[in-house]
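Asker: Below: one structure in structure tokens.
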Amino acid sequence: MKELRSLLSELEYEVLQGDLDKEISEIVNDSRKAVKDGLFICIKGAAFDGHSVALDVCKAGCVAVICEDEVNVPEGVTVIKVKDTRYAMALVSAAYFDYPAQKMKVIGITGTKGKTTTTYMVKSILEGAGHKVGLIGTIETIIGDKKIPSANTTPESYLIHKYFAEMVEVGCDCCVMEVSSQGLMMHRTAGINFAFGIFTNLEPDHIGPNEHASFEEYLSCKAMLFKQCEVGIFNCDDEHYKAVAKDCTCKVLTYGFSEGADFKASDMKLNTKPGVLGVSYKVSGKVNFDVEVDVPGKFSVYNSLTAIAICSHFNADVETMKKALLAAKTRGRIEIVKVSDDFTLMIDYAHNAMSLKSLLTSLREYNPKRLVCLFGCGGNRSKLRRYEMGEVSGEFADLTVITSDNPRFEEPMDIIADIKTGIEKTSGKYVEIPDRKDAIRYVIRNGEPGDVIVLAGKGHEDYQEIKGVKYPMDERDLIRDILAEEV
């Protein structure tokens, strides 16, 4: 139980009725989870307004309500009015869990691409240096030995602080987390004092209904992180770096290939080993050593350079960083699965035209005999994405294998037809194999020496959604089954 008054200590508020001398058992913003002696926070969502159920949650036992608008509740219930209930939820949640973020060093990573891979690289290095590290991101939240699948890149503020508290309880001294533009806009990270904030890059994305109204809004939301961190680490090669850093209140450090970067990469080389693609380079400036990463592409230089810039502040020695970077792997992000010494096969989450183009153009630099791209598109989503991905794969891959992803409530062949509309704008060769396991079997059995094969779109997902049902389907398991058939 927590005293209501103490939960409001960091907030500006007005008491419309009732008193603050109440003990609160739980904070809830979902009316279905209303409890006795609970504090209910009225959140306005895209499809539902929590203010409309204030009376119901009080009947279910809640004794206090935080709101933006008027609510209809019994006389004995305390009503607290604030300017923004999402902002209030973040600060009240921090207080409820006794400010766990202050008991760790919290590292926040924002940007269009690279957040997920970089978080795992940072975790790998810091653990190698003896730290106990929690992680919150797109794929999962990791707390000690516990892994929790993620619904959002950046969870709701209550859940963030709940996770922070659990991390502190199991002995974590730092946490690395992905901070999305939506999370910043919705104040999910409000009130957290980040030890480090990282900017990876910025490209037009997440702009549209229920996301960001414009690119300018998207950029300004990313920039919010750098008004609540002690040290900001920026990719100075990105054209939007200065705009994002313009009004920051933190100490600024930079990384990239540019002259004058605090952590400067140079002498980049593409590496090819049997079944594996990677990259090596020199880092100079604040630290000086040679780096090798068994993940392909220039973006792997940026991701690892970011991790080095962060971890150099944690007294991680050079050998620890080198060893950890070589071993660091991220599930479903350019994840190389060894199936042959003759060709390279990888799984990646690229599920829109921008990410697919970035991936395929990077792999082209390795001069594969053939670049083979297997992908499908999700049902009940924009048809434009299908046309664009088809066109990108047709342009940059030597062979496209069109298959099924998550058809949801659409017919897989209708989705495949839309992808073909895009690919037929190009001269790219393609085959269509609707069953994803059959498609993967085809690319493995027909892999030629020197090929690079990409299974795109599913990444870390371990299911396929058909007609409202999620069926277990992990591409790693499918590959193992296919290889076992060959024995």
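In the structure tokens, chains take the letters A, B, ... in the order shown, each chain's residues start at 1, and ligands count up from 1 in the order shown.
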Give me, as JSON lines, the closest atom pair and its distance (Å, one decimal) for every residue of segment 321-424 of chain A within a cut-off of 7 Å of segment 288-311 of chain A, counting only C-alpha atoms, rows sorted by chain and rising number.

Answerer:
```
{"residue": "A:Lys322", "atom": "CA", "partner": "A:Val291", "partner_atom": "CA", "distance": 6.1}
{"residue": "A:Leu325", "atom": "CA", "partner": "A:Val293", "partner_atom": "CA", "distance": 5.9}
{"residue": "A:Leu326", "atom": "CA", "partner": "A:Val293", "partner_atom": "CA", "distance": 4.8}
{"residue": "A:Ile334", "atom": "CA", "partner": "A:Val295", "partner_atom": "CA", "distance": 6.8}
{"residue": "A:Ser362", "atom": "CA", "partner": "A:Gly297", "partner_atom": "CA", "distance": 5.1}
{"residue": "A:Leu363", "atom": "CA", "partner": "A:Gly297", "partner_atom": "CA", "distance": 6.7}
```

Asker: Just to be explicit: take each residue in the selection above, keep C-alpha atoms, and write the result as a PDB file, in the first residue's frame.

Answerer:
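Ended up saving to again_20.pdb:
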```pdb
ATOM      1  CA  LYS A 322      36.127  -6.901 -28.986  1.00  0.00           C
ATOM      2  CA  LEU A 325      31.015  -7.600 -30.304  1.00  0.00           C
ATOM      3  CA  LEU A 326      32.229 -10.651 -32.186  1.00  0.00           C
ATOM      4  CA  ILE A 334      20.414 -10.207 -39.776  1.00  0.00           C
ATOM      5  CA  SER A 362      24.102  -3.862 -47.994  1.00  0.00           C
ATOM      6  CA  LEU A 363      24.266  -7.553 -48.947  1.00  0.00           C
TER       7      LEU A 363
END
```

Asker: Report as an MDAnalysis selection string all protein, DNA and RNA residues lying within 8 Å of Thr200 of chain A, evaluated on only C-alpha atoms, omitting residues in the same chain fewer than 2 positions from it.

Answerer: chainID A and resid 109:115 198 202 234:235 302:303 306

Asker: For the contact check between segment 313-365 of chain A and segment 436-460 of chain A, emit one row per residue of segment 313-365 of chain A within 8 Å, containing the shortest atom pair and the distance in Å rounded to one decimal, counting only C-alpha atoms, chain then rising number order, as JSON lines.

Answerer:
```
{"residue": "A:Arg331", "atom": "CA", "partner": "A:His460", "partner_atom": "CA", "distance": 5.5}
{"residue": "A:Gly332", "atom": "CA", "partner": "A:Gly459", "partner_atom": "CA", "distance": 3.7}
{"residue": "A:Arg333", "atom": "CA", "partner": "A:Gly459", "partner_atom": "CA", "distance": 6.3}
{"residue": "A:Asp342", "atom": "CA", "partner": "A:Pro449", "partner_atom": "CA", "distance": 4.5}
{"residue": "A:Phe343", "atom": "CA", "partner": "A:Asp451", "partner_atom": "CA", "distance": 4.9}
{"residue": "A:Thr344", "atom": "CA", "partner": "A:Val452", "partner_atom": "CA", "distance": 4.8}
{"residue": "A:Leu345", "atom": "CA", "partner": "A:Ile453", "partner_atom": "CA", "distance": 4.7}
{"residue": "A:Met346", "atom": "CA", "partner": "A:Val454", "partner_atom": "CA", "distance": 5.1}
{"residue": "A:Ile347", "atom": "CA", "partner": "A:Leu455", "partner_atom": "CA", "distance": 4.8}
{"residue": "A:Asp348", "atom": "CA", "partner": "A:Gly459", "partner_atom": "CA", "distance": 4.6}
{"residue": "A:Tyr349", "atom": "CA", "partner": "A:Gly459", "partner_atom": "CA", "distance": 3.8}
{"residue": "A:Ala350", "atom": "CA", "partner": "A:Gly457", "partner_atom": "CA", "distance": 5.0}
{"residue": "A:His351", "atom": "CA", "partner": "A:Gly457", "partner_atom": "CA", "distance": 4.4}
{"residue": "A:Leu356", "atom": "CA", "partner": "A:Ala456", "partner_atom": "CA", "distance": 7.8}
{"residue": "A:Leu363", "atom": "CA", "partner": "A:Val452", "partner_atom": "CA", "distance": 7.7}
```

Asker: For Asp19 of chain A, which residue out of A:Glu388, A:Glu178, A:Glu75, A:Glu70 is the nearest one, using only C-alpha atoms?

Answerer: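 Residue with the minimum atom-to-atom distance to Asp19 of chain A: A:Glu75.
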
Asker: I need the residue nearest Gly378 of chain A from this list: A:Met354, A:Met224, A:Ile419, A:Val15. Use only C-alpha atoms for the distance.

Answerer: A:Ile419
